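The data block below is entry_10.cif; it holds mmCIF, C-alpha atoms, pLDDT in the B column; chains and numbers go by the auth columns.
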data_structure
loop_
_atom_site.group_PDB
_atom_site.id
_atom_site.type_symbol
_atom_site.label_atom_id
_atom_site.label_comp_id
_atom_site.label_asym_id
_atom_site.label_seq_id
_atom_site.Cartn_x
_atom_site.Cartn_y
_atom_site.Cartn_z
_atom_site.B_iso_or_equiv
_atom_site.auth_seq_id
_atom_site.auth_asym_id
ATOM 1 C CA MET A 1 70.506 92.606 106.082 95.00 3 J
ATOM 2 C CA GLU A 2 68.788 95.694 107.458 97.00 4 J
ATOM 3 C CA ILE A 3 70.090 99.027 106.138 97.00 5 J
ATOM 4 C CA LYS A 4 69.038 102.390 107.535 97.00 6 J
ATOM 5 C CA ILE A 5 69.895 105.639 105.834 97.00 7 J
ATOM 6 C CA LEU A 6 70.161 108.393 108.425 97.00 8 J
ATOM 7 C CA GLY A 7 69.400 111.878 107.187 95.00 9 J
ATOM 8 C CA THR A 8 67.024 114.763 107.630 91.00 10 J
ATOM 9 C CA GLY A 9 66.250 115.144 103.930 89.00 11 J
ATOM 10 C CA CYS A 10 69.190 117.195 102.668 91.00 12 J
ATOM 11 C CA PRO A 11 70.480 116.635 99.101 94.00 13 J
ATOM 12 C CA LYS A 12 73.400 114.471 100.316 94.00 14 J
ATOM 13 C CA CYS A 13 71.018 112.291 102.324 94.00 15 J
ATOM 14 C CA LYS A 14 68.784 111.783 99.292 95.00 16 J
ATOM 15 C CA THR A 15 71.809 111.007 97.117 96.00 17 J
ATOM 16 C CA LEU A 16 73.033 108.411 99.639 97.00 18 J
ATOM 17 C CA GLU A 17 69.624 106.736 99.737 96.00 19 J
ATOM 18 C CA LYS A 18 69.537 106.534 95.920 97.00 20 J
ATOM 19 C CA LEU A 19 73.119 105.235 95.765 97.00 21 J
ATOM 20 C CA THR A 20 72.409 102.606 98.425 97.00 22 J
ATOM 21 C CA ARG A 21 69.345 101.347 96.574 97.00 23 J
ATOM 22 C CA GLU A 22 71.361 101.143 93.337 97.00 24 J
ATOM 23 C CA VAL A 23 74.252 99.256 94.963 97.00 25 J
ATOM 24 C CA VAL A 24 71.878 96.782 96.651 97.00 26 J
ATOM 25 C CA GLU A 25 69.949 96.175 93.418 97.00 27 J
ATOM 26 C CA ASN A 26 72.985 95.966 91.116 96.00 28 J
ATOM 27 C CA ASN A 27 74.723 93.454 93.394 96.00 29 J
ATOM 28 C CA ASN A 28 71.652 91.360 94.233 95.00 30 J
ATOM 29 C CA LEU A 29 72.080 91.932 97.958 95.00 31 J
ATOM 30 C CA ASP A 30 69.318 90.646 100.212 96.00 32 J
ATOM 31 C CA ALA A 31 68.568 93.837 102.118 96.00 33 J
ATOM 32 C CA THR A 32 65.750 95.943 103.487 97.00 34 J
ATOM 33 C CA ILE A 33 66.387 99.681 103.187 97.00 35 J
ATOM 34 C CA THR A 34 64.643 102.236 105.371 97.00 36 J
ATOM 35 C CA LYS A 35 65.193 105.953 105.869 97.00 37 J
ATOM 36 C CA GLU A 36 65.332 107.599 109.282 97.00 38 J
ATOM 37 C CA GLU A 37 64.699 111.353 109.227 96.00 39 J
ATOM 38 C CA ASP A 38 63.920 111.989 112.915 96.00 40 J
ATOM 39 C CA ILE A 39 66.944 113.884 114.274 94.00 41 J
ATOM 40 C CA MET A 40 66.423 112.522 117.796 95.00 42 J
ATOM 41 C CA LYS A 41 66.491 108.917 116.526 95.00 43 J
ATOM 42 C CA ILE A 42 69.530 109.690 114.378 95.00 44 J
ATOM 43 C CA MET A 43 71.327 111.056 117.444 94.00 45 J
ATOM 44 C CA GLU A 44 70.533 107.825 119.335 95.00 46 J
ATOM 45 C CA TYR A 45 73.000 106.139 116.962 95.00 47 J
ATOM 46 C CA GLY A 46 75.667 108.650 117.999 95.00 48 J
ATOM 47 C CA VAL A 47 75.631 110.233 114.550 94.00 49 J
ATOM 48 C CA MET A 48 76.172 113.975 114.710 91.00 50 J
ATOM 49 C CA GLN A 49 76.755 114.537 110.982 93.00 51 J
ATOM 50 C CA THR A 50 74.507 113.190 108.273 94.00 52 J
ATOM 51 C CA PRO A 51 74.205 111.363 106.019 97.00 53 J
ATOM 52 C CA GLY A 52 74.788 108.081 107.776 97.00 54 J
ATOM 53 C CA VAL A 53 74.437 104.384 107.077 97.00 55 J
ATOM 54 C CA VAL A 54 73.515 101.764 109.664 97.00 56 J
ATOM 55 C CA VAL A 55 73.831 98.076 108.775 96.00 57 J
ATOM 56 C CA ASP A 56 72.169 95.585 111.120 95.00 58 J
ATOM 57 C CA GLY A 57 72.214 98.132 113.951 95.00 59 J
ATOM 58 C CA LYS A 58 75.855 99.203 113.511 95.00 60 J
ATOM 59 C CA VAL A 59 76.868 102.615 112.155 96.00 61 J
ATOM 60 C CA VAL A 60 79.253 101.998 109.239 96.00 62 J
ATOM 61 C CA LEU A 61 79.425 105.520 107.795 96.00 63 J
ATOM 62 C CA SER A 62 78.540 109.068 108.777 96.00 64 J
ATOM 63 C CA GLY A 63 79.111 112.606 107.641 95.00 65 J
ATOM 64 C CA ARG A 64 79.963 111.999 103.990 95.00 66 J
ATOM 65 C CA LEU A 65 79.008 110.331 100.718 96.00 67 J
ATOM 66 C CA PRO A 66 80.927 107.164 99.822 97.00 68 J
ATOM 67 C CA SER A 67 81.766 105.963 96.324 96.00 69 J
ATOM 68 C CA SER A 68 79.727 103.057 94.970 95.00 70 J
ATOM 69 C CA SER A 69 82.608 100.634 95.510 95.00 71 J
ATOM 70 C CA GLU A 70 83.212 101.842 99.082 96.00 72 J
ATOM 71 C CA LEU A 71 79.507 101.510 99.879 96.00 73 J
ATOM 72 C CA LEU A 72 79.436 97.970 98.467 96.00 74 J
ATOM 73 C CA ASN A 73 82.468 97.132 100.603 95.00 75 J
ATOM 74 C CA LEU A 74 80.762 98.530 103.727 94.00 76 J
ATOM 75 C CA LEU A 75 77.599 96.543 103.014 94.00 77 J
ATOM 76 C CA THR A 76 79.360 93.249 102.396 89.00 78 J
ATOM 77 C CA ILE A 77 81.876 93.204 105.276 79.00 79 J
ATOM 78 C CA LYS A 78 81.154 90.232 107.505 59.00 80 J
#
Could I get this structure in the form of structure tokens?
Amino acid sequence: MEIKILGTGCPKCKTLEKLTREVVENNNLDATITKEEDIMKIMEYGVMQTPGVVVDGKVVLSGRLPSSSELLNLLTIK
């Protein structure tokens, strides 16, 4: 699974990146996590509010911080 954290570097974006890495590690998910900070590339996903999460090219969350359990749910939906 390919996970992208969309955010320009604000505290919420950094928190989401940390939370995502923790959820992936704690649940032994096979995932590659990258961070996209370029606002033009973020807007290409249609995300107007950060932070955002993209899983395998699909935006699954934007504009807020999820709980750990919600994030795990978003990452494991098939």
Query - Residue nearest J:Lys6 - candidates J:Thr78, J:Ser70, J:Asn28, J:Thr36, atoms counted: all atoms listed in the file - result: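 For J:Lys6, the nearest of the candidates is J:Thr36.
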Query raised in the report: Written as an MDAnalysis selection string, which residues does the PyMOL selection byres ((chain J and resi 16) around 12) give for the file shown?
Result: chainID J and resid 7:15 17:23 37:39 52:54 67
Query raised in the report: Within 10 Å of J:Met50, counting all atoms listed in the file, which residues qualify if same-chain residues fewer than 3 places away don't, as a list in words?
Result: Ile41, Ile44, Met45, Glu46, Tyr47, Pro53, Gly54, Ser64 and Gly65 of chain J
Report task. Quick one: pull the distance between atom CA of J:Lys43 and atom CA of J:Ile5, Å, one decimal. Result ->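 Computing the Euclidean distance for atom CA of J:Lys43 and atom CA of J:Ile5 yields 14.8 Å.
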Requested in this report: To one decimal in Å, tell me the separation between atom CA of J:Leu31 and atom CA of J:Leu63.
Outcome: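 Those two atoms sit 18.3 Å apart.
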Query raised in the report: J:Val49, J:Val62, J:Val57, J:Met3: which is nearest J:Asp32, counting all atoms listed in the file?
Result: J:Met3
4 Å per side around stretch 42-57 of chain J: axis-aligned box centre and edge lengths, as JSON:
{"center_x": 71.6, "center_y": 106.3, "center_z": 112.7, "size_x": 18.3, "size_y": 24.5, "size_z": 21.3}
Query - Using all atoms listed in the file: which of J:Met42, J:Val26, J:Glu4, J:Ser71 has the shortest distance to J:Gly59 - result: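 So, comparing all the options, the nearest one is J:Glu4.
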Requested in this report: State, in Å with one decimal place, the distance from atom CA of J:Asn75 to atom CA of J:Thr34.
Outcome: 17.0 Å
Requested in this report: Return the single residue from J:Gln51, J:Asn30, J:Val25, J:Ile35 that is closest to J:Leu76, with distances computed using all atoms listed in the file.
Outcome: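 Result for the nearest residue to J:Leu76: J:Val25.
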With the input short on atoms, add N, CA and C atoms back to stretch 16-33 of chain J and write it as a compact mmCIF listing (two decimals), in the frame of the given file.
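And here's part_18.txt as it stands now:
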# COMPACT_ATOMS: atom_id res chain seq x y z
N LYS J 16 69.58 112.36 100.39
CA LYS J 16 68.78 111.78 99.29
C LYS J 16 69.68 111.06 98.30
N THR J 17 70.85 111.63 98.02
CA THR J 17 71.81 111.01 97.12
C THR J 17 72.28 109.68 97.69
N LEU J 18 72.58 109.65 99.00
CA LEU J 18 73.03 108.41 99.64
C LEU J 18 71.95 107.34 99.59
N GLU J 19 70.71 107.71 99.80
CA GLU J 19 69.62 106.74 99.74
C GLU J 19 69.53 106.14 98.33
N LYS J 20 69.60 106.99 97.32
CA LYS J 20 69.54 106.53 95.92
C LYS J 20 70.72 105.62 95.61
N LEU J 21 71.91 106.02 96.00
CA LEU J 21 73.12 105.24 95.76
C LEU J 21 73.03 103.87 96.45
N THR J 22 72.54 103.86 97.68
CA THR J 22 72.41 102.61 98.42
C THR J 22 71.45 101.66 97.72
N ARG J 23 70.32 102.18 97.29
CA ARG J 23 69.34 101.35 96.57
C ARG J 23 69.95 100.79 95.28
N GLU J 24 70.72 101.60 94.57
CA GLU J 24 71.36 101.14 93.34
C GLU J 24 72.39 100.04 93.61
N VAL J 25 73.22 100.24 94.62
CA VAL J 25 74.25 99.26 94.96
C VAL J 25 73.61 97.93 95.38
N VAL J 26 72.57 98.00 96.21
CA VAL J 26 71.88 96.78 96.65
C VAL J 26 71.28 96.05 95.45
N GLU J 27 70.60 96.79 94.58
CA GLU J 27 69.95 96.18 93.42
C GLU J 27 70.97 95.61 92.43
N ASN J 28 71.99 96.38 92.11
CA ASN J 28 72.98 95.97 91.12
C ASN J 28 73.82 94.78 91.56
N ASN J 29 73.91 94.55 92.87
CA ASN J 29 74.72 93.45 93.39
C ASN J 29 73.88 92.34 94.00
N ASN J 30 72.58 92.40 93.76
CA ASN J 30 71.65 91.36 94.23
C ASN J 30 71.81 91.06 95.72
N LEU J 31 71.97 92.11 96.52
CA LEU J 31 72.08 91.93 97.96
C LEU J 31 70.69 91.76 98.56
N ASP J 32 70.58 90.87 99.52
CA ASP J 32 69.32 90.65 100.21
C ASP J 32 69.25 91.65 101.36
N ALA J 33 68.57 92.76 101.13
CA ALA J 33 68.57 93.84 102.12
C ALA J 33 67.23 94.57 102.13
